Structures are given as structure tokens and as C-alpha cells.
Amino acid sequence: LGRMMMWEKVSPRPEVKGGPTPCARHRHTATFIDGTDKVLIFGGRGSRGVCLGDLWEFCLTSRKWRLVEPRGDSLRPSPRFGHTATYLPALDSLVVLGGQVTPGHANDHSFDVYVFDRALEVWRLVVPSVIPSPNSSTMLAALTPSRPPARMHHSAVALPNSNQIVTMGGVLTPRTKRKQYVFGKVQILNFTPAASPPPSQAQDGEEGKSSMVSTSRAPDGGNGRGYYEATWFTPDIQRNGDVAR
């Protein structure tokens, strides 16, 4: 209270004007990196409806843009918009979820999981395993838990001091119908520290995809490799909005 809140137009400083800048876009993501002066911009929809898949870093101190080119042959996300991009401090990584990958085709939604390691500047495709709800209404539901449906325009937020991302809502379209449906469930993506490294991941196809991801930040917050197992689970929500115990 008592602190004046003001808008300030932030633009490149005169001495850095003329440098690289991202093109105009909408339905992209802008993610502030905790503990730094950096903001990451990913994807969106550009002029004439083109889908974008570039990653830009903006420094709030120097007011410089930098196009982030992934190192090596890391598998990067396909161009998309209507996705989410959430920063997990524990992994020092950006986690991109879902979105629409083909403009003009309402049923081409995705809910794949890509993790961008900031230190190594590499993308990793992760296929989380699914944990059934402890209060599944049927034995079949408990034995065959469903993966989160493909969607766009959902929300995602990282829980403080954890390795969890909470997602909610979004627009999904069954591939057999043209009508759009709104998704209303809360689902949680959890990254649990693991002792063993993940298996090698293939660049194409299903073979080699893993529910584990390696990062440049160890689980204890120190330097060195860290390994995490990614899992989805759906909490049981009571009608009054409280999580079922």
C-alpha cells in the first residue's frame, strides 16, 4: 500500500536499435525468468496467420533482444499459438504445453510437453506417464488412466517451491466433430527427481520417447546433471471446489 504503480514503455535503447527483434505477433507467450532480468517469448501467430515457433530472450536491463537458437540437433517444438510456457525454477527450464499447431484447422490441437533447458539451450520432448486418480469411480478408469486431451487457450501456473505445474481448462476439438468444446478439469504435471538418467530419445516417431528428462540443474539446486520423472495426475475436486482428501 502507498506504492505508486506506473506503466513504462520499454523499448530498445538508442545504441542497440537496429539489432534483431521478433516480428509482430499475437497469442504467443511471455515468461519472466525468476531471479533474472530476462523474459522469454515463444511462438504465436504472425502476419497473414502464419504459425511461429521461434524463441526470443529480452533483457530488461540492457533492453536487447536475442534470438535463442537451440544447440545441436535438439528436437524443438513445432510452431504454435494458444499454448502455455511456464518457468520451473527448480529445473531452470521453460515448459511448453499444448496449443494449436496448424492455423485454419481447428482440430489440430496439441498437448505435447517440451522442456527448454536454459543453461544448455536445448529442447527436450517429454511424454509424461499418467497416474490414475486414487478415487477413480471404476476399476477400468484406475487401470487405464487417460492422458490430458489436446487443447489450446488453457492456463498453466507453477506452484511455489515445487516441481509442479497446474493446468486448467482450454478449448479442445474432437477430431470426429467440428464443434469446439471447453475443457474444465484441473490437471497437474509433476517432475519428480530420479536417480537414473533417461534413455536416449528419438528425433522422430514414438520410439525412444521418454517420461524422463535431464536438466543442467541438480535436484538439490547445485550444478551438475539432474534427472526428473514427469507424470500427469488429475486431483479429485469436490463440488464445493475443495480438493478431496
# chains A, B, ... in the order shown; residues from 1 in each chain; ligands from 1

$ select_by_dssp --residues "region 24-132 of chain A" --states "strand (DSSP E)" --output "CSV table (one decimal) with N, CA, C and O atoms, in the first residue's frame"
chain,number,residue,atom,x,y,z
A,29,THR,N,3.5,-16.5,-25.9
A,29,THR,CA,3.7,-16.4,-24.5
A,29,THR,C,4.8,-15.6,-24.2
A,29,THR,O,5.8,-15.4,-25.0
A,30,ALA,N,4.8,-14.9,-23.0
A,30,ALA,CA,5.9,-14.1,-22.5
A,30,ALA,C,6.1,-14.6,-21.0
A,30,ALA,O,5.2,-14.4,-20.2
A,31,THR,N,7.2,-15.1,-20.7
A,31,THR,CA,7.5,-15.7,-19.5
A,31,THR,C,8.7,-15.1,-18.8
A,31,THR,O,9.8,-15.1,-19.3
A,32,PHE,N,8.5,-14.5,-17.6
A,32,PHE,CA,9.6,-13.9,-16.8
A,32,PHE,C,10.3,-15.0,-16.1
A,32,PHE,O,9.8,-15.9,-15.5
A,38,LYS,N,15.5,-11.4,-17.4
A,38,LYS,CA,15.2,-11.9,-18.7
A,38,LYS,C,13.7,-12.3,-18.8
A,38,LYS,O,13.0,-12.8,-17.9
A,39,VAL,N,13.2,-12.1,-20.0
A,39,VAL,CA,11.8,-12.6,-20.4
A,39,VAL,C,12.0,-13.4,-21.7
A,39,VAL,O,12.7,-13.0,-22.6
A,40,LEU,N,11.3,-14.6,-21.7
A,40,LEU,CA,11.3,-15.4,-22.9
A,40,LEU,C,10.0,-15.3,-23.6
A,40,LEU,O,8.9,-15.4,-23.0
A,41,ILE,N,10.1,-15.1,-24.9
A,41,ILE,CA,8.9,-15.0,-25.8
A,41,ILE,C,9.0,-16.2,-26.7
A,41,ILE,O,10.0,-16.5,-27.4
A,42,PHE,N,7.9,-17.0,-26.8
A,42,PHE,CA,7.8,-18.2,-27.6
A,42,PHE,C,6.6,-18.2,-28.5
A,42,PHE,O,5.5,-18.0,-28.0
A,43,GLY,N,6.7,-18.5,-29.8
A,43,GLY,CA,5.6,-18.9,-30.6
A,43,GLY,C,4.7,-17.7,-30.9
A,43,GLY,O,5.0,-16.5,-30.9
A,44,GLY,N,3.4,-18.1,-31.2
A,44,GLY,CA,2.4,-17.1,-31.5
A,44,GLY,C,2.0,-17.2,-33.0
A,44,GLY,O,2.4,-18.1,-33.7
A,45,ARG,N,1.2,-16.2,-33.3
A,45,ARG,CA,0.7,-16.2,-34.7
A,45,ARG,C,1.1,-14.8,-35.3
A,45,ARG,O,0.8,-13.8,-34.7
A,51,CYS,N,2.0,-19.5,-38.4
A,51,CYS,CA,2.3,-20.0,-37.1
A,51,CYS,C,3.8,-19.8,-36.8
A,51,CYS,O,4.6,-20.1,-37.7
A,52,LEU,N,4.2,-19.4,-35.6
A,52,LEU,CA,5.6,-19.1,-35.3
A,52,LEU,C,6.1,-20.1,-34.3
A,52,LEU,O,5.4,-20.5,-33.4
A,53,GLY,N,7.4,-20.4,-34.4
A,53,GLY,CA,8.0,-21.4,-33.4
A,53,GLY,C,9.3,-20.9,-32.9
A,53,GLY,O,10.1,-21.7,-32.4
A,54,ASP,N,9.6,-19.6,-33.1
A,54,ASP,CA,10.9,-19.0,-32.6
A,54,ASP,C,10.9,-18.7,-31.1
A,54,ASP,O,9.8,-18.4,-30.5
A,55,LEU,N,12.0,-18.7,-30.5
A,55,LEU,CA,12.2,-18.3,-29.1
A,55,LEU,C,13.1,-17.1,-29.0
A,55,LEU,O,14.2,-17.1,-29.5
A,56,TRP,N,12.6,-16.1,-28.3
A,56,TRP,CA,13.4,-14.9,-28.1
A,56,TRP,C,13.6,-14.6,-26.6
A,56,TRP,O,12.7,-14.9,-25.8
A,57,GLU,N,14.7,-14.0,-26.4
A,57,GLU,CA,15.0,-13.5,-25.0
A,57,GLU,C,15.2,-12.0,-25.0
A,57,GLU,O,15.9,-11.5,-25.8
A,58,PHE,N,14.5,-11.4,-24.0
A,58,PHE,CA,14.6,-9.9,-23.9
A,58,PHE,C,15.2,-9.6,-22.5
A,58,PHE,O,14.7,-10.1,-21.5
A,59,CYS,N,16.3,-8.8,-22.5
A,59,CYS,CA,16.9,-8.4,-21.3
A,59,CYS,C,16.3,-7.1,-20.8
A,59,CYS,O,16.4,-6.1,-21.6
A,64,LYS,N,18.0,-5.4,-24.8
A,64,LYS,CA,18.4,-6.1,-26.0
A,64,LYS,C,17.6,-7.3,-26.2
A,64,LYS,O,17.3,-8.1,-25.3
A,65,TRP,N,17.3,-7.6,-27.5
A,65,TRP,CA,16.7,-8.8,-27.9
A,65,TRP,C,17.7,-9.8,-28.4
A,65,TRP,O,18.8,-9.4,-28.9
A,66,ARG,N,17.5,-11.1,-28.1
A,66,ARG,CA,18.4,-12.2,-28.6
A,66,ARG,C,17.5,-13.3,-29.1
A,66,ARG,O,16.7,-13.9,-28.4
A,67,LEU,N,17.8,-13.7,-30.4
A,67,LEU,CA,17.1,-14.9,-30.9
A,67,LEU,C,17.9,-16.1,-30.3
A,67,LEU,O,19.1,-16.3,-30.5
A,84,THR,N,0.9,-22.6,-23.5
A,84,THR,CA,1.4,-22.0,-22.3
A,84,THR,C,2.9,-22.3,-22.2
A,84,THR,O,3.4,-23.3,-22.8
A,85,ALA,N,3.6,-21.4,-21.6
A,85,ALA,CA,5.0,-21.6,-21.3
A,85,ALA,C,5.3,-21.1,-19.9
A,85,ALA,O,5.2,-20.0,-19.6
A,86,THR,N,5.7,-22.1,-19.1
A,86,THR,CA,5.8,-21.9,-17.6
A,86,THR,C,7.2,-22.2,-17.2
A,86,THR,O,7.8,-23.2,-17.6
A,87,TYR,N,7.8,-21.3,-16.4
A,87,TYR,CA,9.2,-21.4,-15.9
A,87,TYR,C,9.2,-22.2,-14.6
A,87,TYR,O,8.4,-21.8,-13.6
A,88,LEU,N,10.0,-23.3,-14.5
A,88,LEU,CA,10.2,-24.0,-13.3
A,88,LEU,C,11.6,-23.7,-12.7
A,88,LEU,O,12.6,-24.2,-13.3
A,93,SER,N,14.1,-24.4,-16.2
A,93,SER,CA,13.7,-24.7,-17.5
A,93,SER,C,12.3,-24.1,-17.8
A,93,SER,O,11.5,-23.9,-16.9
A,94,LEU,N,12.0,-23.9,-19.1
A,94,LEU,CA,10.7,-23.5,-19.6
A,94,LEU,C,10.0,-24.7,-20.1
A,94,LEU,O,10.5,-25.5,-20.9
A,95,VAL,N,8.7,-24.8,-19.6
A,95,VAL,CA,7.9,-26.0,-20.0
A,95,VAL,C,6.8,-25.5,-20.9
A,95,VAL,O,5.9,-24.7,-20.4
A,96,VAL,N,6.7,-25.9,-22.1
A,96,VAL,CA,5.7,-25.5,-23.1
A,96,VAL,C,4.7,-26.6,-23.2
A,96,VAL,O,5.0,-27.8,-23.4
A,97,LEU,N,3.4,-26.3,-23.1
A,97,LEU,CA,2.3,-27.2,-23.1
A,97,LEU,C,1.3,-26.8,-24.2
A,97,LEU,O,0.8,-25.7,-24.3
A,98,GLY,N,1.0,-27.8,-25.1
A,98,GLY,CA,-0.2,-27.7,-26.0
A,98,GLY,C,-0.1,-26.5,-27.0
A,98,GLY,O,0.9,-26.0,-27.4
A,99,GLY,N,-1.4,-26.1,-27.4
A,99,GLY,CA,-1.5,-25.1,-28.4
A,99,GLY,C,-2.1,-25.6,-29.7
A,99,GLY,O,-2.3,-26.8,-29.8
A,100,GLN,N,-2.3,-24.7,-30.6
A,100,GLN,CA,-2.8,-25.1,-31.9
A,100,GLN,C,-1.6,-25.0,-32.9
A,100,GLN,O,-0.9,-24.0,-32.9
A,109,HIS,N,-5.0,-29.5,-32.6
A,109,HIS,CA,-4.5,-29.1,-31.3
A,109,HIS,C,-3.5,-30.1,-30.8
A,109,HIS,O,-3.5,-31.2,-31.2
A,110,SER,N,-2.7,-29.6,-29.8
A,110,SER,CA,-1.7,-30.5,-29.3
A,110,SER,C,-1.7,-30.3,-27.8
A,110,SER,O,-2.2,-29.4,-27.2
A,111,PHE,N,-1.1,-31.3,-27.1
A,111,PHE,CA,-0.9,-31.1,-25.7
A,111,PHE,C,0.5,-31.8,-25.3
A,111,PHE,O,0.6,-32.5,-24.3
A,112,ASP,N,1.4,-31.8,-26.3
A,112,ASP,CA,2.7,-32.3,-26.0
A,112,ASP,C,3.5,-31.5,-25.0
A,112,ASP,O,3.1,-30.3,-24.7
A,113,VAL,N,4.5,-32.0,-24.4
A,113,VAL,CA,5.3,-31.3,-23.4
A,113,VAL,C,6.7,-31.2,-23.9
A,113,VAL,O,7.4,-32.2,-24.1
A,114,TYR,N,7.1,-29.9,-24.0
A,114,TYR,CA,8.5,-29.6,-24.3
A,114,TYR,C,9.2,-28.9,-23.2
A,114,TYR,O,8.6,-27.9,-22.7
A,115,VAL,N,10.4,-29.3,-22.9
A,115,VAL,CA,11.2,-28.6,-21.8
A,115,VAL,C,12.4,-28.0,-22.4
A,115,VAL,O,13.2,-28.7,-23.1
A,116,PHE,N,12.6,-26.7,-22.2
A,116,PHE,CA,13.7,-26.0,-22.7
A,116,PHE,C,14.7,-25.7,-21.5
A,116,PHE,O,14.4,-25.0,-20.6
A,117,ASP,N,15.9,-26.3,-21.6
A,117,ASP,CA,16.9,-26.2,-20.6
A,117,ASP,C,17.7,-24.9,-20.9
A,117,ASP,O,18.3,-24.7,-21.9
A,122,VAL,N,18.8,-26.2,-25.0
A,122,VAL,CA,18.3,-27.4,-25.8
A,122,VAL,C,16.9,-27.6,-25.4
A,122,VAL,O,16.5,-27.4,-24.3
A,123,TRP,N,16.1,-28.1,-26.4
A,123,TRP,CA,14.7,-28.5,-26.2
A,123,TRP,C,14.7,-30.1,-25.9
A,123,TRP,O,15.5,-30.8,-26.6
A,124,ARG,N,13.8,-30.5,-25.1
A,124,ARG,CA,13.6,-32.0,-24.9
A,124,ARG,C,12.1,-32.3,-24.9
A,124,ARG,O,11.3,-31.6,-24.2
A,125,LEU,N,11.7,-33.2,-25.7
A,125,LEU,CA,10.4,-33.7,-25.8
A,125,LEU,C,10.1,-34.7,-24.7
A,125,LEU,O,10.9,-35.7,-24.6
A,126,VAL,N,9.1,-34.5,-23.9
A,126,VAL,CA,8.9,-35.4,-22.8
A,126,VAL,C,7.5,-36.0,-22.9
A,126,VAL,O,6.5,-35.2,-23.3
A,129,SER,N,4.3,-40.0,-17.9
A,129,SER,CA,3.4,-41.1,-17.6
A,129,SER,C,2.1,-40.6,-16.9
A,129,SER,O,2.1,-39.4,-16.5
A,130,VAL,N,1.1,-41.4,-16.8
A,130,VAL,CA,-0.1,-40.9,-16.2
A,130,VAL,C,-0.4,-41.7,-14.9
A,130,VAL,O,-0.4,-42.9,-14.9
A,131,ILE,N,-0.7,-41.0,-13.8
A,131,ILE,CA,-1.0,-41.6,-12.5
A,131,ILE,C,-2.5,-41.6,-12.4
A,131,ILE,O,-3.1,-40.6,-12.5

$ residues_around --residues "Met168 (chain A)" --least-positions-apart "5" --cutoff "8 Å" --atoms "only C-alpha atoms" --output "MDAnalysis selection string"
chainID A and resid 154:156 183:187

$ closest_residue --among "A:Pro193, A:Gly170, A:Gly35, A:Pro219" --to "His83 (chain A)" --atoms "only C-alpha atoms"
A:Gly170
